[in-house]
Number of protein chains: 2
Amino acid sequence: MTHHADYARQTAERARAASRQLATVSGSAKQQWLHRAADALVARTPELVTRNEQDLARAPEFGLTAAATDRLRLTPSRIADIAGALREVAALPDPVGEIIEGYHRPNGLRIEKSRVPLGVVFFIYESRPNVTADAAALCVKSGNAVILRGGKEALHSNVALYRVLKDTLIETGLPEHAVQLVATPDREVVGEMLKLRGLIDVTIPRGGKSLIERVAAEATMPVIKHFDGICHVYVDASADLEMAIDILRNSKCQRTGVCNAAECVLIHAAVADRFLPMMAAMFATEKVEVRGCAKTCTAISWAKPATEEDYRTEYLDKIISSRVVDGLDDAINHIARYGSQHTDTIVTRDLQAADRFVALVDSSAVMVNASTRFNDGGELGLGAEIGISTDKFHARGPCGLRELTSYKWIVRGDGQIRG
Amino acid sequence: MTHHADYARQTAERARAASRQLATVSGSAKQQWLHRAADALVARTPELVTRNEQDLARAPEFGLTAAATDRLRLTPSRIADIAGALREVAALPDPVGEIIEGYHRPNGLRIEKSRVPLGVVFFIYESRPNVTADAAALCVKSGNAVILRGGKEALHSNVALYRVLKDTLIETGLPEHAVQLVATPDREVVGEMLKLRGLIDVTIPRGGKSLIERVAAEATMPVIKHFDGICHVYVDASADLEMAIDILRNSKCQRTGVCNAAECVLIHAAVADRFLPMMAAMFATEKVEVRGCAKTCTAISWAKPATEEDYRTEYLDKIISSRVVDGLDDAINHIARYGSQHTDTIVTRDLQAADRFVALVDSSAVMVNASTRFNDGGELGLGAEIGISTDKFHARGPCGLRELTSYKWIVRGDGQIRG
């Protein structure tokens, strides 16, 4: 066994042992930890800022842009926000032990489906340091032990955050290894972790597509993931065009670098003549590049012609593809062909069109007259989320506390046997 | 691409296309097919019996025992039972479109989680021919296309059953490829199928442990499975010992070859002196071999000493391992160490013991004062089941119609955008 394999197995075994203890920890003990951790994060702000400065100093080495470097920065106000997020998770209902269903059978057996933690979560991320605390909070609150693997550009910040989480786990009597951080920069460790089916119950990768593809290909355990967010806004023949402009602007421009941002607009031919000039004005103001079909390019002089590849691209930038479609079914077929089953919205006043779109578009979230940006744990009312799934197995859409759980059947009788 | 790879991909692509159609087929159309298929099975009994005779004639070639050959046999009465099972599935509520949750958000968005089919199921089985019809019924009723791969010893029977299913799909206007049968005997086809992540959404293997291990190791898509059913009956200090005998007899003897049969009995030391002679008498009558710990062997002269391996063995036969434990926690630890997270039961009159057992035993079904044999889709009220899962991801315990589905989020608004 190599050094990396050894390290991975020991880490996972400690997590597994912690998860067994954690599965029966009371909700109030978990809440207590979250509040204590929030307090400690604020109290230890100077230490966090100092360690963060080490990452910031190395940012140019990693080729981080000015924007990326700013996202990496921890300030007292941002640390207060991280603490606030922990308190919000503390306030969410404890999913563990929730009775999902319960009923009596004719023979007197009393049946319950009761929610239980998944066990051990391996969370791989490339994001800002706040995700370290968020993920730990969600996993522990849902009764799971978590192994965190952050990006190398945030290593010092993550280690500092992890120390606060770990110290407060010990202080509040929770299992110390409920949260662990893989601090070695070697990528081989990730590969070894991904072999550990039986010790790790689920892997959640969050970051660029190449990371997620690698994890999905190598993992021997289930993975909660999405590759792309190629989200569509479809403007139907009967749409309120002002509403369509607002929804399209919000879906594309409110934040461009996120998975639920729109990457393609589909416009019913019957309203294209009226809608395209409105869209041109809006995207000109927002400085969004339009890559369109022939009809789009005819109506918008400054639009560039879209290639087949454009319709398959998640720009994550101020670029959008645009296509005029022959009708609702043409739009639905376009989404089936080019979409990524993430989030798609129809703007319409036609009940039948709305119902058909909802029935036939097979995405994790299908919207009617609402921005694609609402496919989000907080916006859908789940509280914080650890990721979004476009798979169909286990969980789909935003994954919050409940999606980090399984269930067991509890059967209570008074001597029943099978005839 | 090899011939097998080509065949697998074409089959899966036809299934994928059928699943898209099937996802929006009405519940009544699916019911109509099930009733038509049931009628046709009965009407075509002579054809089914003739084809079944070809399998029976080859049974000695495959080394089938007399009992296995009998299980393979299709008689008019058994065909009527298969038809009856289809009618029972027809009568179950349609899971597709069920609103799992629904609520309004403060900004007026109306949110629904709506049940949708998984898509394409690849079902691999070694069982009796009735499973062919059961699996097809469950998959199609839940809106999924299914690719069936039965055992070679039942090939002719399965082909004959499949023809009836396919003919009636066409007659009732459902997609012809909603049900397909892999009739080639080459094992390579299974390997090619298991590569088709993206075309096949879930694989369900049902049969011997080596089959399931091979499928779990090779599959690139999620698998619903259990390896072993090492189920325990724990007789607590406060147990009603007559009840414990009844539950133990039923758990072990009612059917020995099934996954929810007991394979090990754990006895609290405080009642061992009284319970072991009762158990000895019962198992002597039932002709069950006992492999026990030292205390068991002292009390039961004819018991054999149990090895470490015995406690890890799913006998599926008239054999049981037996161990006297120091108390409840010793029993719980034994189950954690040797069990397979399938089904475990406690016999007790002590509320605290029952609660602790339920909380700490991490199995798909945990029973109190009831036979392990109740971990079954029909017995728990789910209707028919396609398999039992001991994994924690997606579904646990019996997998019926609902467990063959996923969900999508539906968000309806009147122009909401994110602030």
# chains A, B, ... in the order shown; residues from 1 in each chain; ligands from 1

$ closest_atom_pairs --of "chain A" --to "chain B" --cutoff "7 Å" --atoms "only C-alpha atoms" --output "tab-separated table"
residue	atom	partner	partner_atom	distance
A:Leu118	CA	B:Lys392	CA	6.1
A:Met243	CA	B:Gly415	CA	5.7
A:Ile247	CA	B:Ile417	CA	6.0
A:Asn250	CA	B:Ile417	CA	6.0
A:Ser363	CA	B:Lys408	CA	6.7
A:Ser364	CA	B:Lys408	CA	5.0
A:Ala365	CA	B:Trp409	CA	4.4
A:Val366	CA	B:Ile410	CA	5.0
A:Met367	CA	B:Val411	CA	4.6
A:Val368	CA	B:Arg412	CA	4.7
A:Asn369	CA	B:Gly415	CA	4.9
A:Ala370	CA	B:Gln416	CA	4.9
A:Ser371	CA	B:Ile417	CA	5.1
A:Arg373	CA	B:Arg418	CA	6.6
A:Phe374	CA	B:Arg418	CA	6.9
A:Lys392	CA	B:Ser406	CA	5.5
A:Phe393	CA	B:His394	CA	5.9
A:His394	CA	B:His394	CA	3.7
A:Arg396	CA	B:Lys408	CA	6.6
A:Ser406	CA	B:Lys392	CA	5.5
A:Tyr407	CA	B:Arg396	CA	6.7
A:Lys408	CA	B:Ser364	CA	5.0
A:Trp409	CA	B:Ala365	CA	4.4
A:Ile410	CA	B:Val366	CA	5.0
A:Val411	CA	B:Met367	CA	4.6
A:Arg412	CA	B:Val368	CA	4.7
A:Gly413	CA	B:Asn369	CA	5.1
A:Asp414	CA	B:Asn369	CA	5.2
A:Gly415	CA	B:Asn369	CA	4.9
A:Gln416	CA	B:Ala370	CA	4.9
A:Ile417	CA	B:Ser371	CA	5.1
A:Arg418	CA	B:Arg373	CA	6.6

$ residues_around --residues "Ala178 of chain B" --least-positions-apart "6" --cutoff "12 Å" --atoms "only C-alpha atoms" --output "MDAnalysis selection string"
chainID B and resid 11:23 25 30 33 119:122 135:148 162 165:170

$ write_last_selection --atoms "N, CA and C atoms" --output "compact mmCIF listing (two decimals), in the first residue's frame"
# COMPACT_ATOMS: atom_id res chain seq x y z
N THR B 11 -29.76 -1.58 -28.39
CA THR B 11 -30.83 -1.95 -27.46
C THR B 11 -31.09 -0.81 -26.48
N ALA B 12 -30.02 -0.25 -25.92
CA ALA B 12 -30.17 0.81 -24.93
C ALA B 12 -30.74 2.09 -25.56
N GLU B 13 -30.34 2.36 -26.81
CA GLU B 13 -30.88 3.56 -27.47
C GLU B 13 -32.37 3.40 -27.76
N ARG B 14 -32.77 2.20 -28.14
CA ARG B 14 -34.21 1.97 -28.33
C ARG B 14 -34.95 2.13 -27.00
N ALA B 15 -34.35 1.62 -25.93
CA ALA B 15 -34.97 1.76 -24.61
C ALA B 15 -35.08 3.23 -24.21
N ARG B 16 -34.02 3.98 -24.46
CA ARG B 16 -34.00 5.41 -24.12
C ARG B 16 -35.13 6.14 -24.86
N ALA B 17 -35.26 5.86 -26.16
CA ALA B 17 -36.33 6.50 -26.94
C ALA B 17 -37.70 6.10 -26.38
N ALA B 18 -37.86 4.82 -26.07
CA ALA B 18 -39.14 4.36 -25.51
C ALA B 18 -39.42 5.02 -24.17
N SER B 19 -38.38 5.20 -23.37
CA SER B 19 -38.58 5.78 -22.04
C SER B 19 -39.06 7.23 -22.15
N ARG B 20 -38.59 7.93 -23.17
CA ARG B 20 -39.05 9.32 -23.34
C ARG B 20 -40.54 9.36 -23.62
N GLN B 21 -41.00 8.43 -24.48
CA GLN B 21 -42.43 8.37 -24.76
C GLN B 21 -43.20 7.94 -23.51
N LEU B 22 -42.65 6.94 -22.83
CA LEU B 22 -43.35 6.32 -21.71
C LEU B 22 -43.54 7.28 -20.54
N ALA B 23 -42.63 8.24 -20.41
CA ALA B 23 -42.68 9.16 -19.27
C ALA B 23 -43.97 9.96 -19.25
N VAL B 25 -46.93 8.80 -20.80
CA VAL B 25 -48.10 7.95 -21.05
C VAL B 25 -49.01 8.00 -19.81
N LYS B 30 -51.25 2.60 -19.13
CA LYS B 30 -50.37 1.56 -18.55
C LYS B 30 -51.21 0.45 -17.91
N TRP B 33 -52.59 -1.82 -20.60
CA TRP B 33 -51.58 -2.77 -21.07
C TRP B 33 -51.43 -3.94 -20.09
N GLY B 119 -36.00 6.36 -15.99
CA GLY B 119 -35.65 6.33 -17.41
C GLY B 119 -35.53 4.92 -17.95
N VAL B 120 -34.31 4.37 -17.94
CA VAL B 120 -34.07 3.03 -18.47
C VAL B 120 -33.48 2.15 -17.37
N VAL B 121 -34.12 1.01 -17.14
CA VAL B 121 -33.67 0.05 -16.13
C VAL B 121 -33.10 -1.18 -16.85
N PHE B 122 -31.92 -1.60 -16.43
CA PHE B 122 -31.34 -2.86 -16.93
C PHE B 122 -31.47 -3.87 -15.80
N ALA B 135 -41.07 -7.91 -13.36
CA ALA B 135 -40.13 -6.80 -13.53
C ALA B 135 -40.62 -5.87 -14.64
N ALA B 136 -41.09 -6.46 -15.73
CA ALA B 136 -41.59 -5.62 -16.83
C ALA B 136 -42.78 -4.78 -16.36
N ALA B 137 -43.66 -5.40 -15.58
CA ALA B 137 -44.85 -4.70 -15.09
C ALA B 137 -44.45 -3.53 -14.19
N LEU B 138 -43.55 -3.77 -13.26
CA LEU B 138 -43.15 -2.72 -12.32
C LEU B 138 -42.44 -1.58 -13.04
N CYS B 139 -41.56 -1.93 -13.98
CA CYS B 139 -40.81 -0.88 -14.67
C CYS B 139 -41.75 -0.02 -15.53
N VAL B 140 -42.59 -0.66 -16.33
CA VAL B 140 -43.45 0.11 -17.23
C VAL B 140 -44.47 0.91 -16.43
N LYS B 141 -45.03 0.31 -15.38
CA LYS B 141 -45.99 1.04 -14.54
C LYS B 141 -45.34 2.30 -13.94
N SER B 142 -44.06 2.22 -13.62
CA SER B 142 -43.37 3.39 -13.07
C SER B 142 -42.77 4.27 -14.16
N GLY B 143 -43.16 4.02 -15.43
CA GLY B 143 -42.77 4.90 -16.53
C GLY B 143 -41.38 4.65 -17.09
N ASN B 144 -40.76 3.54 -16.70
CA ASN B 144 -39.42 3.23 -17.16
C ASN B 144 -39.43 2.20 -18.29
N ALA B 145 -38.51 2.34 -19.22
CA ALA B 145 -38.25 1.26 -20.17
C ALA B 145 -37.32 0.27 -19.49
N VAL B 146 -37.49 -1.02 -19.79
CA VAL B 146 -36.65 -2.03 -19.13
C VAL B 146 -35.99 -2.93 -20.17
N ILE B 147 -34.74 -3.26 -19.90
CA ILE B 147 -34.01 -4.25 -20.68
C ILE B 147 -33.82 -5.45 -19.76
N LEU B 148 -34.43 -6.58 -20.15
CA LEU B 148 -34.42 -7.77 -19.30
C LEU B 148 -33.32 -8.71 -19.73
N TYR B 162 -41.85 -12.74 -23.01
CA TYR B 162 -41.52 -11.43 -23.58
C TYR B 162 -42.37 -11.14 -24.82
N LEU B 165 -45.68 -9.91 -23.81
CA LEU B 165 -45.59 -8.54 -23.30
C LEU B 165 -45.44 -7.54 -24.45
N LYS B 166 -44.58 -7.88 -25.39
CA LYS B 166 -44.31 -6.99 -26.51
C LYS B 166 -45.54 -6.86 -27.41
N ASP B 167 -46.18 -7.98 -27.73
CA ASP B 167 -47.37 -7.93 -28.59
C ASP B 167 -48.44 -7.03 -27.97
N THR B 168 -48.61 -7.15 -26.67
CA THR B 168 -49.67 -6.36 -26.03
C THR B 168 -49.27 -4.89 -25.88
N LEU B 169 -47.97 -4.62 -25.76
CA LEU B 169 -47.53 -3.22 -25.78
C LEU B 169 -47.95 -2.58 -27.11
N ILE B 170 -47.69 -3.30 -28.18
CA ILE B 170 -48.03 -2.76 -29.51
C ILE B 170 -49.55 -2.60 -29.63

$ residues_around --residues "Ser127 of chain A" --least-positions-apart "4" --cutoff "8 Å" --atoms "only C-alpha atoms" --output "PyMOL selection string"
chain A and resi 131+150-151+206-207

$ write_last_selection --atoms "N, CA and C atoms" --output "short mmCIF file (atom, residue, chain, number, x, y, z; two decimals), in the first residue's frame"
data_model
loop_
_atom_site.label_atom_id
_atom_site.label_comp_id
_atom_site.auth_asym_id
_atom_site.auth_seq_id
_atom_site.Cartn_x
_atom_site.Cartn_y
_atom_site.Cartn_z
N VAL A 131 -16.99 27.93 1.72
CA VAL A 131 -17.58 26.62 1.42
C VAL A 131 -17.08 25.56 2.41
N GLY A 150 -10.24 20.85 -0.24
CA GLY A 150 -10.37 22.14 -0.92
C GLY A 150 -9.28 22.36 -1.94
N GLY A 151 -9.32 23.50 -2.60
CA GLY A 151 -8.32 23.83 -3.62
C GLY A 151 -7.01 24.29 -2.98
N ARG A 206 -17.40 19.71 -6.40
CA ARG A 206 -17.96 21.01 -6.79
C ARG A 206 -16.83 21.84 -7.35
N GLY A 207 -16.93 22.19 -8.62
CA GLY A 207 -15.87 22.97 -9.24
C GLY A 207 -16.01 22.89 -10.75
#

$ closest_residue --among "A:Leu92, A:Leu161, A:Val233, A:Val182" --to "Ser28 of chain A" --atoms "only C-alpha atoms"
A:Leu92

$ select_by_dssp --residues "segment 18-177 of chain A" --states "alpha helix (DSSP H)" --output "number ranges by chain"
A: 18-22, 27-43, 45-58, 66-72, 76-91, 130-141, 155-171

$ select_by_dssp --residues "segment 318-413 of chain A" --states "strand (DSSP E or B)" --output "count of residues only"
33

$ residues_around --residues "Tyr311 of chain B" --least-positions-apart "3" --cutoff "10 Å" --atoms "only C-alpha atoms" --output "number ranges by chain"
B: 230, 263-265, 291-292, 306-308, 314-315, 320-323, 334-335, 337-339

$ write_last_selection --atoms "C-alpha atoms" --output "mmCIF file, in the first residue's frame"
data_model
loop_
_atom_site.group_PDB
_atom_site.id
_atom_site.type_symbol
_atom_site.label_atom_id
_atom_site.label_comp_id
_atom_site.auth_asym_id
_atom_site.auth_seq_id
_atom_site.Cartn_x
_atom_site.Cartn_y
_atom_site.Cartn_z
ATOM 1 C CA ILE B 230 -27.219 -12.009 7.071
ATOM 2 C CA GLU B 263 -28.959 -16.722 9.612
ATOM 3 C CA CYS B 264 -27.922 -16.031 13.213
ATOM 4 C CA VAL B 265 -29.598 -15.974 16.611
ATOM 5 C CA ARG B 291 -23.567 -23.887 14.775
ATOM 6 C CA GLY B 292 -22.977 -22.224 18.095
ATOM 7 C CA ALA B 306 -19.373 -22.056 15.033
ATOM 8 C CA THR B 307 -16.304 -20.622 13.343
ATOM 9 C CA GLU B 308 -15.707 -16.907 12.761
ATOM 10 C CA GLU B 314 -25.614 -16.468 4.523
ATOM 11 C CA TYR B 315 -26.529 -20.157 4.611
ATOM 12 C CA ILE B 320 -28.219 -21.231 11.772
ATOM 13 C CA SER B 321 -25.387 -19.767 13.823
ATOM 14 C CA SER B 322 -26.042 -19.062 17.496
ATOM 15 C CA ARG B 323 -24.225 -16.915 20.040
ATOM 16 C CA HIS B 334 -22.136 -8.293 16.781
ATOM 17 C CA ILE B 335 -24.694 -7.153 14.201
ATOM 18 C CA ARG B 337 -19.530 -6.437 12.761
ATOM 19 C CA TYR B 338 -21.028 -9.475 11.047
ATOM 20 C CA GLY B 339 -24.338 -8.274 9.640
#

$ residues_around --residues "Pro277 of chain A" --least-positions-apart "4" --cutoff "9 Å" --atoms "only C-alpha atoms" --output "PDB file with N, CA and C atoms, in the first residue's frame"
ATOM      1  N   ALA A 272     -40.867  36.794 -32.569  1.00  0.00           N
ATOM      2  CA  ALA A 272     -39.445  37.136 -32.767  1.00  0.00           C
ATOM      3  C   ALA A 272     -39.283  38.580 -33.246  1.00  0.00           C
ATOM      4  N   ASP A 273     -40.135  39.005 -34.189  1.00  0.00           N
ATOM      5  CA  ASP A 273     -39.982  40.364 -34.728  1.00  0.00           C
ATOM      6  C   ASP A 273     -40.126  41.425 -33.649  1.00  0.00           C
ATOM      7  N   ALA A 281     -31.767  45.619 -27.248  1.00  0.00           N
ATOM      8  CA  ALA A 281     -31.561  46.811 -26.408  1.00  0.00           C
ATOM      9  C   ALA A 281     -31.102  46.393 -25.009  1.00  0.00           C
ATOM     10  N   MET A 282     -31.775  45.393 -24.451  1.00  0.00           N
ATOM     11  CA  MET A 282     -31.444  44.968 -23.087  1.00  0.00           C
ATOM     12  C   MET A 282     -30.020  44.415 -23.016  1.00  0.00           C
ATOM     13  N   ALA A 299     -32.033  40.325 -37.176  1.00  0.00           N
ATOM     14  CA  ALA A 299     -32.696  41.359 -36.360  1.00  0.00           C
ATOM     15  C   ALA A 299     -31.697  42.144 -35.516  1.00  0.00           C
ATOM     16  N   ILE A 300     -30.606  41.500 -35.122  1.00  0.00           N
ATOM     17  CA  ILE A 300     -29.632  42.178 -34.248  1.00  0.00           C
ATOM     18  C   ILE A 300     -28.327  42.287 -35.023  1.00  0.00           C
TER      19      ILE A 300
END

$ residues_around --residues "Leu34 of chain B" --least-positions-apart "6" --cutoff "7 Å" --atoms "only C-alpha atoms" --output "list in words"
Leu86, Arg87, Ala90 and Ala137 of chain B

$ write_last_selection --atoms "C-alpha atoms" --output "compact mmCIF listing (two decimals), in the first residue's frame"
# COMPACT_ATOMS: atom_id res chain seq x y z
CA LEU B 86 -49.82 -8.15 -13.41
CA ARG B 87 -53.38 -7.23 -12.42
CA ALA B 90 -52.23 -2.51 -12.47
CA ALA B 137 -44.85 -4.70 -15.09

$ atom_distance --atom1 "atom CA of Ile124 of chain A" --atom2 "atom CA of Cys399 of chain A"
15.1 Å

$ atom_distance --atom1 "atom CA of Ala269 of chain B" --atom2 "atom CA of Ser340 of chain B"
23.8 Å

$ closest_residue --among "B:Ile100, B:Leu155, B:Tyr234, B:Phe123" --to "Gln180 of chain B" --atoms "only C-alpha atoms"
B:Phe123

$ residues_around --residues "Asp6 of chain A" --least-positions-apart "4" --cutoff "10 Å" --atoms "only C-alpha atoms" --output "PDB file with N, CA and C atoms, in the first residue's frame"
ATOM      1  N   MET A   1       0.842  -1.201   0.000  1.00  0.00           N
ATOM      2  CA  MET A   1       0.000   0.000   0.000  1.00  0.00           C
ATOM      3  C   MET A   1       0.879   1.255   0.000  1.00  0.00           C
ATOM      4  N   THR A   2       0.591   2.162  -0.887  1.00  0.00           N
ATOM      5  CA  THR A   2       1.395   3.383  -0.955  1.00  0.00           C
ATOM      6  C   THR A   2       1.081   4.277   0.242  1.00  0.00           C
ATOM      7  N   GLN A  10      -6.834   5.521   6.287  1.00  0.00           N
ATOM      8  CA  GLN A  10      -6.897   5.914   7.701  1.00  0.00           C
ATOM      9  C   GLN A  10      -7.877   7.062   7.914  1.00  0.00           C
ATOM     10  N   THR A  11      -7.825   8.016   7.005  1.00  0.00           N
ATOM     11  CA  THR A  11      -8.740   9.151   7.102  1.00  0.00           C
ATOM     12  C   THR A  11     -10.190   8.673   7.004  1.00  0.00           C
ATOM     13  N   ALA A  12     -10.444   7.802   6.036  1.00  0.00           N
ATOM     14  CA  ALA A  12     -11.811   7.313   5.823  1.00  0.00           C
ATOM     15  C   ALA A  12     -12.270   6.441   6.992  1.00  0.00           C
ATOM     16  N   VAL A 189      -3.985  11.506  -3.594  1.00  0.00           N
ATOM     17  CA  VAL A 189      -4.824  11.177  -2.438  1.00  0.00           C
ATOM     18  C   VAL A 189      -6.300  11.112  -2.843  1.00  0.00           C
ATOM     19  N   GLU A 192      -7.034   7.850  -4.421  1.00  0.00           N
ATOM     20  CA  GLU A 192      -7.115   6.769  -3.422  1.00  0.00           C
ATOM     21  C   GLU A 192      -8.437   6.823  -2.656  1.00  0.00           C
ATOM     22  N   MET A 193      -8.864   8.025  -2.312  1.00  0.00           N
ATOM     23  CA  MET A 193     -10.155   8.186  -1.625  1.00  0.00           C
ATOM     24  C   MET A 193     -11.290   7.624  -2.480  1.00  0.00           C
TER      25      MET A 193
END
